[in-house]
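Participant: Submitted below is the structure of interest, expressed as structure tokens.
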Amino acid sequence: MAEMFLEKFRSLVPLYLEDEWQKEDGLTDAELDEALGTLPVQLPLVLREFYLALGGCEDLMEAYHYFFDPDELEVEDGYLLFLEDEEEKYVWGFRLDQLEVPDPIVYRRQNARGTWKSEEGTFSEYVLDMFTWVFNELSPELNN
């Protein structure tokens with residue numbers, strides 16, 4: 001399948017970190033496949049390209065929330081989990097029945113209640129909005 005999101009995710013490095021994207025900022029296909037190991041599901045295209053673009057960029061992978069490293073991805077409650085907040089109050093994931101969609105809707109679980117709620121946006125929308133919020137609203141001094 002053609003790359004749909006790779007360049008958009010790579011563009012986040014110069015946009016927010018004021019540096020050129022380097023190969024080390026992402027993972028290779030081989031590194032990603034090895035890290036995924038025995039994960040019982042296939043990643044949606046958008047998450048795969050996210051790791052290929054930014055999987056080695058700690059400044060973005062750990063910006064406010066923490067994206068799971070590929071070897072930490074897990075399936076729980078019928079969802080593929082990929083992100084959690086610092087206090088581990090919430091976790092984000094994709095419904096397993098939507099993994100074949102190139103850019104599936106993101107859901108958030110409140111861990112204390114175990115309830116899931118749609119974020120009403122796809123992964124690419126959610127991630128781009130999240131980084132805009134983190135770097136422009138939470139930390140405006142990073143862009144000065």
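Here, A, B, ... name the chains of the structure tokens in the order displayed, residue numbers run from 1 inside each chain, and ligands are numbered from 1 in the same displayed order.
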Skip segment 101-110 of chain A itself and residues of its chain fewer than 4 positions away, then list as a count of residues only all residues within 8 Å of it, counting only C-alpha atoms.
Facilitator: 23
Participant: So that I can check the surroundings of segment 74-78 of chain A, please list as a PDB file with N, CA, C and O atoms, in the first residue's frame every protein, DNA and RNA residue that reaches within 7 Å of it, counting only C-alpha atoms and ignoring chain neighbours fewer than 2 positions away.
Facilitator:
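around_33.pdb was written with the following content:
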```pdb
ATOM      1  N   GLU A  72       5.713  -2.683  23.109  1.00  0.00           N
ATOM      2  CA  GLU A  72       4.841  -2.534  24.276  1.00  0.00           C
ATOM      3  C   GLU A  72       3.356  -2.508  23.905  1.00  0.00           C
ATOM      4  O   GLU A  72       2.503  -2.442  24.784  1.00  0.00           O
ATOM      5  N   LEU A  80      -6.649  -2.297  20.524  1.00  0.00           N
ATOM      6  CA  LEU A  80      -5.193  -2.252  20.421  1.00  0.00           C
ATOM      7  C   LEU A  80      -4.761  -0.958  21.083  1.00  0.00           C
ATOM      8  O   LEU A  80      -5.077   0.136  20.601  1.00  0.00           O
ATOM      9  N   LEU A  81      -4.050  -1.055  22.203  1.00  0.00           N
ATOM     10  CA  LEU A  81      -3.633   0.110  22.983  1.00  0.00           C
ATOM     11  C   LEU A  81      -2.318   0.660  22.436  1.00  0.00           C
ATOM     12  O   LEU A  81      -1.392  -0.098  22.159  1.00  0.00           O
ATOM     13  N   ARG A  95     -10.372   0.094  18.132  1.00  0.00           N
ATOM     14  CA  ARG A  95     -11.184  -1.113  18.207  1.00  0.00           C
ATOM     15  C   ARG A  95     -10.586  -2.144  17.271  1.00  0.00           C
ATOM     16  O   ARG A  95     -10.177  -1.829  16.150  1.00  0.00           O
ATOM     17  N   LEU A  96     -10.536  -3.394  17.718  1.00  0.00           N
ATOM     18  CA  LEU A  96      -9.929  -4.446  16.911  1.00  0.00           C
ATOM     19  C   LEU A  96     -10.654  -4.639  15.589  1.00  0.00           C
ATOM     20  O   LEU A  96     -10.028  -4.983  14.584  1.00  0.00           O
TER      21      LEU A  96
END
```
Participant: Going by DSSP on the backbone, which bits of chain A are alpha helix (DSSP H)? Write them as a PyMOL selection string, please.
Facilitator: chain A and resi 6-10+12-17+29-36+45-54+58-61+123-132
Participant: Using DSSP on the backbone coordinates, identify all residues within chain A classified as strand (DSSP E); present the result as a VMD selection string.
Facilitator: chain A and resid 66 to 67 74 to 76 79 to 84 90 to 95 105 to 110 115 to 122
Participant: Take the residues from that selection and write them out as an mmCIF file, in the first residue's frame, keeping N, CA and C atoms.
Facilitator:
```
data_model
loop_
_atom_site.group_PDB
_atom_site.id
_atom_site.type_symbol
_atom_site.label_atom_id
_atom_site.label_comp_id
_atom_site.auth_asym_id
_atom_site.auth_seq_id
_atom_site.Cartn_x
_atom_site.Cartn_y
_atom_site.Cartn_z
ATOM 1 N N TYR A 66 2.365 9.436 26.462
ATOM 2 C CA TYR A 66 3.407 8.484 26.082
ATOM 3 C C TYR A 66 2.889 7.467 25.078
ATOM 4 N N PHE A 67 3.444 7.533 23.850
ATOM 5 C CA PHE A 67 3.126 6.513 22.862
ATOM 6 C C PHE A 67 3.886 5.248 23.249
ATOM 7 N N GLU A 74 -0.295 -3.556 23.124
ATOM 8 C CA GLU A 74 -1.025 -4.696 23.653
ATOM 9 C C GLU A 74 -2.485 -4.628 23.268
ATOM 10 N N VAL A 75 -3.096 -5.796 23.272
ATOM 11 C CA VAL A 75 -4.514 -5.918 22.998
ATOM 12 C C VAL A 75 -5.213 -6.166 24.327
ATOM 13 N N GLU A 76 -6.241 -5.342 24.592
ATOM 14 C CA GLU A 76 -6.975 -5.444 25.849
ATOM 15 C C GLU A 76 -8.395 -4.929 25.623
ATOM 16 N N TYR A 79 -9.454 -3.838 22.186
ATOM 17 C CA TYR A 79 -8.784 -2.669 21.612
ATOM 18 C C TYR A 79 -7.283 -2.922 21.518
ATOM 19 N N LEU A 80 -6.649 -2.297 20.524
ATOM 20 C CA LEU A 80 -5.193 -2.252 20.421
ATOM 21 C C LEU A 80 -4.761 -0.958 21.083
ATOM 22 N N LEU A 81 -4.050 -1.055 22.203
ATOM 23 C CA LEU A 81 -3.633 0.110 22.983
ATOM 24 C C LEU A 81 -2.318 0.660 22.436
ATOM 25 N N PHE A 82 -2.231 2.008 22.331
ATOM 26 C CA PHE A 82 -1.008 2.614 21.775
ATOM 27 C C PHE A 82 -0.534 3.852 22.523
ATOM 28 N N LEU A 83 -1.303 4.405 23.470
ATOM 29 C CA LEU A 83 -0.953 5.679 24.103
ATOM 30 C C LEU A 83 -1.523 5.718 25.509
ATOM 31 N N GLU A 84 -0.766 6.329 26.442
ATOM 32 C CA GLU A 84 -1.296 6.541 27.790
ATOM 33 C C GLU A 84 -0.831 7.882 28.313
ATOM 34 N N TYR A 90 -5.714 7.339 31.772
ATOM 35 C CA TYR A 90 -6.345 7.063 30.487
ATOM 36 C C TYR A 90 -5.396 6.280 29.588
ATOM 37 N N VAL A 91 -5.993 5.525 28.698
ATOM 38 C CA VAL A 91 -5.253 4.841 27.651
ATOM 39 C C VAL A 91 -6.061 4.989 26.362
ATOM 40 N N TRP A 92 -5.353 5.083 25.238
ATOM 41 C CA TRP A 92 -6.004 5.249 23.952
ATOM 42 C C TRP A 92 -5.750 4.026 23.091
ATOM 43 N N GLY A 93 -6.718 3.719 22.246
ATOM 44 C CA GLY A 93 -6.571 2.557 21.388
ATOM 45 C C GLY A 93 -7.524 2.587 20.207
ATOM 46 N N PHE A 94 -7.407 1.531 19.401
ATOM 47 C CA PHE A 94 -8.284 1.305 18.255
ATOM 48 C C PHE A 94 -9.128 0.078 18.546
ATOM 49 N N ARG A 95 -10.372 0.094 18.132
ATOM 50 C CA ARG A 95 -11.184 -1.113 18.207
ATOM 51 C C ARG A 95 -10.586 -2.144 17.271
ATOM 52 N N ILE A 105 -10.659 5.390 13.834
ATOM 53 C CA ILE A 105 -11.093 6.266 14.914
ATOM 54 C C ILE A 105 -10.360 5.882 16.204
ATOM 55 N N VAL A 106 -9.992 6.872 16.992
ATOM 56 C CA VAL A 106 -9.316 6.676 18.273
ATOM 57 C C VAL A 106 -10.367 6.637 19.389
ATOM 58 N N TYR A 107 -10.164 5.726 20.329
ATOM 59 C CA TYR A 107 -11.013 5.609 21.516
ATOM 60 C C TYR A 107 -10.152 5.792 22.753
ATOM 61 N N ARG A 108 -10.762 6.326 23.811
ATOM 62 C CA ARG A 108 -10.063 6.547 25.080
ATOM 63 C C ARG A 108 -10.788 5.797 26.183
ATOM 64 N N ARG A 109 -9.990 5.112 27.008
ATOM 65 C CA ARG A 109 -10.549 4.413 28.159
ATOM 66 C C ARG A 109 -10.160 5.141 29.433
ATOM 67 N N GLN A 110 -11.149 5.407 30.252
ATOM 68 C CA GLN A 110 -10.868 5.895 31.599
ATOM 69 C C GLN A 110 -10.573 4.652 32.425
ATOM 70 N N THR A 115 -14.280 2.307 31.126
ATOM 71 C CA THR A 115 -15.214 2.667 30.061
ATOM 72 C C THR A 115 -14.483 3.309 28.892
ATOM 73 N N TRP A 116 -14.933 2.980 27.694
ATOM 74 C CA TRP A 116 -14.346 3.498 26.469
ATOM 75 C C TRP A 116 -15.248 4.560 25.858
ATOM 76 N N LYS A 117 -14.630 5.569 25.249
ATOM 77 C CA LYS A 117 -15.364 6.650 24.599
ATOM 78 C C LYS A 117 -14.628 7.039 23.321
ATOM 79 N N SER A 118 -15.369 7.265 22.256
ATOM 80 C CA SER A 118 -14.766 7.691 20.998
ATOM 81 C C SER A 118 -14.209 9.102 21.145
ATOM 82 N N GLU A 119 -13.034 9.331 20.577
ATOM 83 C CA GLU A 119 -12.462 10.669 20.511
ATOM 84 C C GLU A 119 -13.006 11.420 19.291
ATOM 85 N N GLU A 120 -13.817 10.737 18.505
ATOM 86 C CA GLU A 120 -14.494 11.306 17.341
ATOM 87 C C GLU A 120 -13.530 11.879 16.317
ATOM 88 N N GLY A 121 -12.394 11.243 16.193
ATOM 89 C CA GLY A 121 -11.411 11.616 15.183
ATOM 90 C C GLY A 121 -10.518 10.431 14.876
ATOM 91 N N THR A 122 -9.929 10.459 13.697
ATOM 92 C CA THR A 122 -9.008 9.395 13.322
ATOM 93 C C THR A 122 -7.660 9.590 14.012
#
```
Participant: Nearest to Val13 of chain A: which of A:Ala35, A:Glu49, A:Glu58, A:Leu27 is it, counting only C-alpha atoms?
Facilitator: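 Among A:Ala35, A:Glu49, A:Glu58, A:Leu27, it is A:Glu58 that comes nearest to Val13 of chain A.
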Participant: I'd like the neighbourhood of Lys8 of chain A as a list in words, where a residue qualifies if any of its atoms comes within 10 Å (using only C-alpha atoms), though same-chain residues fewer than 3 positions away should be ignored.
Facilitator: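 Near Lys8 of chain A, the qualifying residues are Met4, Phe5, Ser11, Leu12, Val13, Glu49, Phe50, Ala53, Ser124 and Leu128 of chain A.
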Participant: With all heavy atoms retained, export the selected residues as a PDB file, in the first residue's frame.
Facilitator:
```
ATOM      1  N   MET A   4       0.707   6.972   2.978  1.00  0.00           N
ATOM      2  CA  MET A   4      -0.328   7.994   3.051  1.00  0.00           C
ATOM      3  C   MET A   4      -0.011   9.063   4.094  1.00  0.00           C
ATOM      4  O   MET A   4      -0.421  10.206   3.951  1.00  0.00           O
ATOM      5  CB  MET A   4      -1.674   7.347   3.388  1.00  0.00           C
ATOM      6  CG  MET A   4      -2.198   6.424   2.315  1.00  0.00           C
ATOM      7  SD  MET A   4      -3.727   5.562   2.789  1.00  0.00           S
ATOM      8  CE  MET A   4      -4.848   6.908   3.050  1.00  0.00           C
ATOM      9  N   PHE A   5       0.700   8.672   5.142  1.00  0.00           N
ATOM     10  CA  PHE A   5       0.867   9.555   6.302  1.00  0.00           C
ATOM     11  C   PHE A   5       2.325   9.829   6.647  1.00  0.00           C
ATOM     12  O   PHE A   5       2.610  10.703   7.458  1.00  0.00           O
ATOM     13  CB  PHE A   5       0.190   8.931   7.529  1.00  0.00           C
ATOM     14  CG  PHE A   5      -1.214   8.489   7.269  1.00  0.00           C
ATOM     15  CD1 PHE A   5      -1.506   7.173   6.991  1.00  0.00           C
ATOM     16  CD2 PHE A   5      -2.248   9.412   7.291  1.00  0.00           C
ATOM     17  CE1 PHE A   5      -2.807   6.763   6.740  1.00  0.00           C
ATOM     18  CE2 PHE A   5      -3.554   9.020   7.045  1.00  0.00           C
ATOM     19  CZ  PHE A   5      -3.832   7.693   6.766  1.00  0.00           C
ATOM     20  N   SER A  11       7.132  15.542   8.987  1.00  0.00           N
ATOM     21  CA  SER A  11       7.154  17.010   9.008  1.00  0.00           C
ATOM     22  C   SER A  11       6.979  17.569  10.419  1.00  0.00           C
ATOM     23  O   SER A  11       7.235  18.747  10.653  1.00  0.00           O
ATOM     24  CB  SER A  11       6.075  17.570   8.090  1.00  0.00           C
ATOM     25  OG  SER A  11       4.785  17.411   8.653  1.00  0.00           O
ATOM     26  N   LEU A  12       6.573  16.734  11.373  1.00  0.00           N
ATOM     27  CA  LEU A  12       6.409  17.210  12.743  1.00  0.00           C
ATOM     28  C   LEU A  12       7.751  17.514  13.414  1.00  0.00           C
ATOM     29  O   LEU A  12       7.815  18.354  14.309  1.00  0.00           O
ATOM     30  CB  LEU A  12       5.629  16.176  13.571  1.00  0.00           C
ATOM     31  CG  LEU A  12       4.203  15.907  13.089  1.00  0.00           C
ATOM     32  CD1 LEU A  12       3.570  14.791  13.915  1.00  0.00           C
ATOM     33  CD2 LEU A  12       3.364  17.158  13.110  1.00  0.00           C
ATOM     34  N   VAL A  13       8.809  16.855  12.985  1.00  0.00           N
ATOM     35  CA  VAL A  13      10.133  17.106  13.574  1.00  0.00           C
ATOM     36  C   VAL A  13      10.570  18.546  13.313  1.00  0.00           C
ATOM     37  O   VAL A  13      10.849  19.279  14.262  1.00  0.00           O
ATOM     38  CB  VAL A  13      11.177  16.075  13.101  1.00  0.00           C
ATOM     39  CG1 VAL A  13      12.574  16.453  13.574  1.00  0.00           C
ATOM     40  CG2 VAL A  13      10.802  14.678  13.595  1.00  0.00           C
ATOM     41  N   GLU A  49       2.983   3.790   9.875  1.00  0.00           N
ATOM     42  CA  GLU A  49       3.734   4.913   9.323  1.00  0.00           C
ATOM     43  C   GLU A  49       4.150   5.905  10.413  1.00  0.00           C
ATOM     44  O   GLU A  49       5.194   6.539  10.302  1.00  0.00           O
ATOM     45  CB  GLU A  49       2.943   5.585   8.205  1.00  0.00           C
ATOM     46  CG  GLU A  49       2.861   4.695   6.984  1.00  0.00           C
ATOM     47  CD  GLU A  49       2.271   5.359   5.760  1.00  0.00           C
ATOM     48  OE1 GLU A  49       2.000   6.583   5.793  1.00  0.00           O
ATOM     49  OE2 GLU A  49       2.091   4.649   4.753  1.00  0.00           O
ATOM     50  N   PHE A  50       3.367   6.015  11.465  1.00  0.00           N
ATOM     51  CA  PHE A  50       3.756   6.851  12.602  1.00  0.00           C
ATOM     52  C   PHE A  50       5.073   6.338  13.199  1.00  0.00           C
ATOM     53  O   PHE A  50       5.997   7.114  13.431  1.00  0.00           O
ATOM     54  CB  PHE A  50       2.649   6.842  13.659  1.00  0.00           C
ATOM     55  CG  PHE A  50       2.979   7.626  14.896  1.00  0.00           C
ATOM     56  CD1 PHE A  50       2.840   9.003  14.920  1.00  0.00           C
ATOM     57  CD2 PHE A  50       3.429   6.988  16.048  1.00  0.00           C
ATOM     58  CE1 PHE A  50       3.145   9.737  16.064  1.00  0.00           C
ATOM     59  CE2 PHE A  50       3.729   7.706  17.192  1.00  0.00           C
ATOM     60  CZ  PHE A  50       3.598   9.086  17.196  1.00  0.00           C
ATOM     61  N   ALA A  53       8.019   6.917  10.895  1.00  0.00           N
ATOM     62  CA  ALA A  53       8.427   8.324  10.855  1.00  0.00           C
ATOM     63  C   ALA A  53       9.007   8.812  12.173  1.00  0.00           C
ATOM     64  O   ALA A  53       9.981   9.557  12.191  1.00  0.00           O
ATOM     65  CB  ALA A  53       7.226   9.192  10.477  1.00  0.00           C
ATOM     66  N   SER A 124      -4.693  10.072  12.698  1.00  0.00           N
ATOM     67  CA  SER A 124      -3.911  11.200  12.161  1.00  0.00           C
ATOM     68  C   SER A 124      -4.470  12.523  12.659  1.00  0.00           C
ATOM     69  O   SER A 124      -3.704  13.411  13.038  1.00  0.00           O
ATOM     70  CB  SER A 124      -3.854  11.159  10.633  1.00  0.00           C
ATOM     71  OG  SER A 124      -5.130  11.279  10.064  1.00  0.00           O
ATOM     72  N   LEU A 128      -2.175  14.885  15.236  1.00  0.00           N
ATOM     73  CA  LEU A 128      -1.810  16.233  14.791  1.00  0.00           C
ATOM     74  C   LEU A 128      -2.404  17.286  15.719  1.00  0.00           C
ATOM     75  O   LEU A 128      -1.721  18.256  16.079  1.00  0.00           O
ATOM     76  CB  LEU A 128      -2.238  16.454  13.345  1.00  0.00           C
ATOM     77  CG  LEU A 128      -1.552  15.542  12.319  1.00  0.00           C
ATOM     78  CD1 LEU A 128      -2.146  15.757  10.938  1.00  0.00           C
ATOM     79  CD2 LEU A 128      -0.046  15.715  12.308  1.00  0.00           C
TER      80      LEU A 128
END
```
Participant: If we count only C-alpha atoms and set the cut-off at 8 Å, which residues sit around Leu54 of chain A, ignoring sequence neighbours fewer than 4 positions away in its own chain? Please answer as a PyMOL selection string.
Facilitator: chain A and resi 9-10+25-27+50+60-61
Participant: Write out as a list in words each polymer residue whose atoms come within 10 Å of Phe131 of chain A, counting only C-alpha atoms; drop sequence neighbours fewer than 2 positions from it.
Facilitator: Leu12, Tyr16, Leu60, Ala63, Tyr64, His65, Tyr126, Val127, Leu128, Asp129, Trp133, Val134, Phe135, Asn136, Glu137 and Leu138 of chain A
Participant: Check the smallest atom-to-atom distance from each of A:Met130, A:Leu15, A:Leu39, A:Cys57 to Pro70 of chain A using only C-alpha atoms, then report the winner.
Facilitator: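 Closest to Pro70 of chain A of all the choices is A:Leu39.
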Participant: Would you work out the distance separating atom CA of Glu31 of chain A from atom CA of Leu6 of chain A, expressed in Å to one decimal?
Facilitator: 16.1 Å
Participant: Which is closer to Trp21 of chain A than all the others in A:Asp71, A:Glu7, A:Asp97, A:Glu86, using only C-alpha atoms?
Facilitator: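 Looking only at the distances to Trp21 of chain A, the closest residue turns out to be A:Glu7.
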Participant: With distances taken over only C-alpha atoms, which residue among A:Leu99, A:Asp29, A:Asp19, A:Asp85 lies nearest Glu62 of chain A?
Facilitator: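 Result for the nearest residue to Glu62 of chain A: A:Asp85.
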